[in-house]
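What follows is a set of notes on a single structure, which appears directly below.
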Amino acid sequence: MGRRVVLGMVGLGVVGIAVGARAQTAVTRALGPVGPEVGGLIPAAGGFRYYSVVDSVRRRTPQDYTLSLTGMAGRPRSFTFAELQAMPQTQITKDFQCVTGWRVPGVQWSGVALPDLLDAVGADPKATAVRFQSFDGAYTESLTMDQARRRDVVVATSMLGAPVTHDHGGPVRLFVAPMYGYKSLKWLGGIELTNKVVPGFWERRGYDVDAWVGRSNGRDDAPT
């Protein structure tokens, strides 16, 4: 789904916020399971939706994937998919919630807790923020260092007990459990340690930089 469709979904998101979870559940039950190409176009349908801010994203396999960690680090380096899987794994089960009003309950994620990656590259004590880049070539996000050091922020290689699919941002994506979904950057390609928070793709378009669930749209409860 291209940029024009995603921007159009912002208007539909207002409907999602107003209607809320009960309408989401009703529509999902009525439609039944749908593929990502349909779910991305219909608000509150089939749980996860497929969103992209570019027209297409080149697929990467675990065999050709690398994740670079650069910036204010004593030991900057790149990690292969196999190296990420060989590190201590963190499992977390949390709701995945979009600021526009839809939620997928109890999603299981597994991967490397972001603090473990920061320690592996020797994060500079003077670094105050972490910037994330998607290999779609357009999407970016940032967290403060305190936020990035939370154990419920995971560089995920597995989702729902299986590899993260391309449509869900695989083979590796970010999952920021206590924040809305736009913080959980898909198609993670690079992590940069910096001395300031750089607003991401949607924040430059008016979204909250600190996207805590329950704060940004003034309605939702924190994920369970």
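Within each chain, counting starts at residue 1; across the structure tokens, chains are named A, B, ... in the order shown, with ligands numbered 1 upward in that order.
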
Set the distance at 9 Å and use only C-alpha atoms: which residues neighbour Gly170 (chain A) once local chain neighbours fewer than 4 positions away are removed? I'd like the list as a VMD selection string. chain A and resid 59 to 62 156 to 158 163 to 166 186 to 188

So that each row is one residue of region 77-187 of chain A with an atom at most 7 Å from region 211-214 of chain A, can you give its shortest atom pair and the distance in Å to one decimal, using only C-alpha atoms, rows by chain and rising number, as a tab-separated table?
```
residue	atom	partner	partner_atom	distance
A:Pro178	CA	A:Trp212	CA	5.9
A:Met179	CA	A:Trp212	CA	4.3
A:Tyr180	CA	A:Val213	CA	5.6
```

Contacts of region 132-147 of chain A at 8 Å (only C-alpha atoms; same-chain gap of 5+ positions) as a ChimeraX atom specification: /A:53-54,56-58,127,183,185-192,196-201

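Those residues that approach Leu160 (chain A) to within 10 Å, counting only C-alpha atoms, are A:Thr93, A:Gly106, A:Val107, A:Gln108, A:Trp109, A:Ser110; same-chain residues fewer than 6 positions away are not listed.
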
Distance of CA of Met72 (chain A) from CA of Leu193 (chain A), expressed in Å to one decimal place: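 Rounded to one decimal, the two atoms are 5.0 Å apart.
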
What's the separation between CA of Ala113 (chain A) and CA of Tyr51 (chain A), in Å to one decimal place?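 Those two atoms sit 24.3 Å apart.
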
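The closest residue to Pro115 (chain A), picked from A:Asp167, A:Asp152, A:Glu203, A:Asp208 and counting only C-alpha atoms, is A:Asp152.
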
Mind checking DSSP for region 67-190 of chain A and telling me the strand (DSSP E or B) residues as a PyMOL selection string? chain A and resi 67-71+73+77-80+90-97+103-113+123+129-134+140-144+153-159+162-163+173-176+179+188-190

Serialized selection, C-alpha atoms, as a compact mmCIF listing (two decimals), in the first residue's frame:
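Wrote it out as result-v3.txt, contents follow:
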```txt
# COMPACT_ATOMS: atom_id res chain seq x y z
CA LEU A 67 21.50 -4.88 11.10
CA SER A 68 23.99 -2.05 11.54
CA LEU A 69 24.58 -0.36 14.92
CA THR A 70 26.46 2.89 14.49
CA GLY A 71 26.91 6.33 16.00
CA ALA A 73 29.23 3.41 20.28
CA ARG A 77 29.25 -3.26 14.11
CA SER A 78 26.70 -5.12 12.04
CA PHE A 79 24.78 -8.21 13.12
CA THR A 80 23.59 -10.97 10.84
CA THR A 90 13.66 -12.14 25.25
CA GLN A 91 10.04 -13.21 24.90
CA ILE A 92 7.20 -10.82 25.50
CA THR A 93 3.44 -11.09 25.01
CA LYS A 94 1.60 -7.78 24.78
CA ASP A 95 -1.27 -6.16 22.93
CA PHE A 96 -0.24 -4.40 19.73
CA GLN A 97 -2.15 -1.14 19.53
CA ARG A 103 -5.73 -3.39 18.81
CA VAL A 104 -4.51 -6.97 18.41
CA PRO A 105 -4.51 -8.61 21.85
CA GLY A 106 -1.83 -10.91 23.22
CA VAL A 107 0.78 -10.87 20.44
CA GLN A 108 3.84 -12.98 21.24
CA TRP A 109 7.23 -11.58 20.23
CA SER A 110 10.72 -12.98 20.58
CA GLY A 111 14.09 -11.45 19.86
CA VAL A 112 16.92 -9.46 21.39
CA ALA A 113 16.04 -6.91 24.06
CA ALA A 123 26.90 2.54 24.02
CA ALA A 129 18.80 8.87 22.16
CA VAL A 130 18.54 6.03 19.66
CA ARG A 131 17.44 6.46 16.04
CA PHE A 132 16.02 3.63 13.94
CA GLN A 133 16.00 3.38 10.16
CA SER A 134 13.88 1.12 8.00
CA THR A 140 12.52 6.45 10.73
CA GLU A 141 11.83 6.51 14.45
CA SER A 142 13.58 7.57 17.66
CA LEU A 143 13.52 6.80 21.38
CA THR A 144 15.23 8.48 24.26
CA VAL A 153 11.65 -2.90 23.75
CA VAL A 154 12.68 -5.79 21.51
CA VAL A 155 14.44 -6.23 18.18
CA ALA A 156 12.09 -8.99 17.09
CA THR A 157 12.98 -11.95 14.89
CA SER A 158 9.86 -13.96 15.76
CA MET A 159 6.18 -13.11 16.00
CA ALA A 162 6.98 -17.97 13.69
CA PRO A 163 9.44 -15.83 11.74
CA ARG A 173 11.47 -5.36 13.17
CA LEU A 174 11.25 -3.26 16.30
CA PHE A 175 8.58 -3.81 18.94
CA VAL A 176 8.08 -1.06 21.53
CA MET A 179 3.91 2.68 22.86
CA LEU A 188 14.60 -2.58 10.69
CA GLY A 189 17.88 -1.93 8.91
CA GLY A 190 19.88 0.41 11.12
```

Shortest interatomic distance to Thr100 (chain A) - which of A:Arg49, A:Arg204, A:Arg149, A:Lys126, counting only C-alpha atoms: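 That would be A:Arg49, the residue with the smallest distance to Thr100 (chain A).
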
Which residues, written as a VMD selection string, have at least one atom at most 6 Å from Cys98 (chain A), with only C-alpha atoms counted and residues fewer than 3 positions away on the same chain left out? chain A and resid 101 to 102 180 to 181
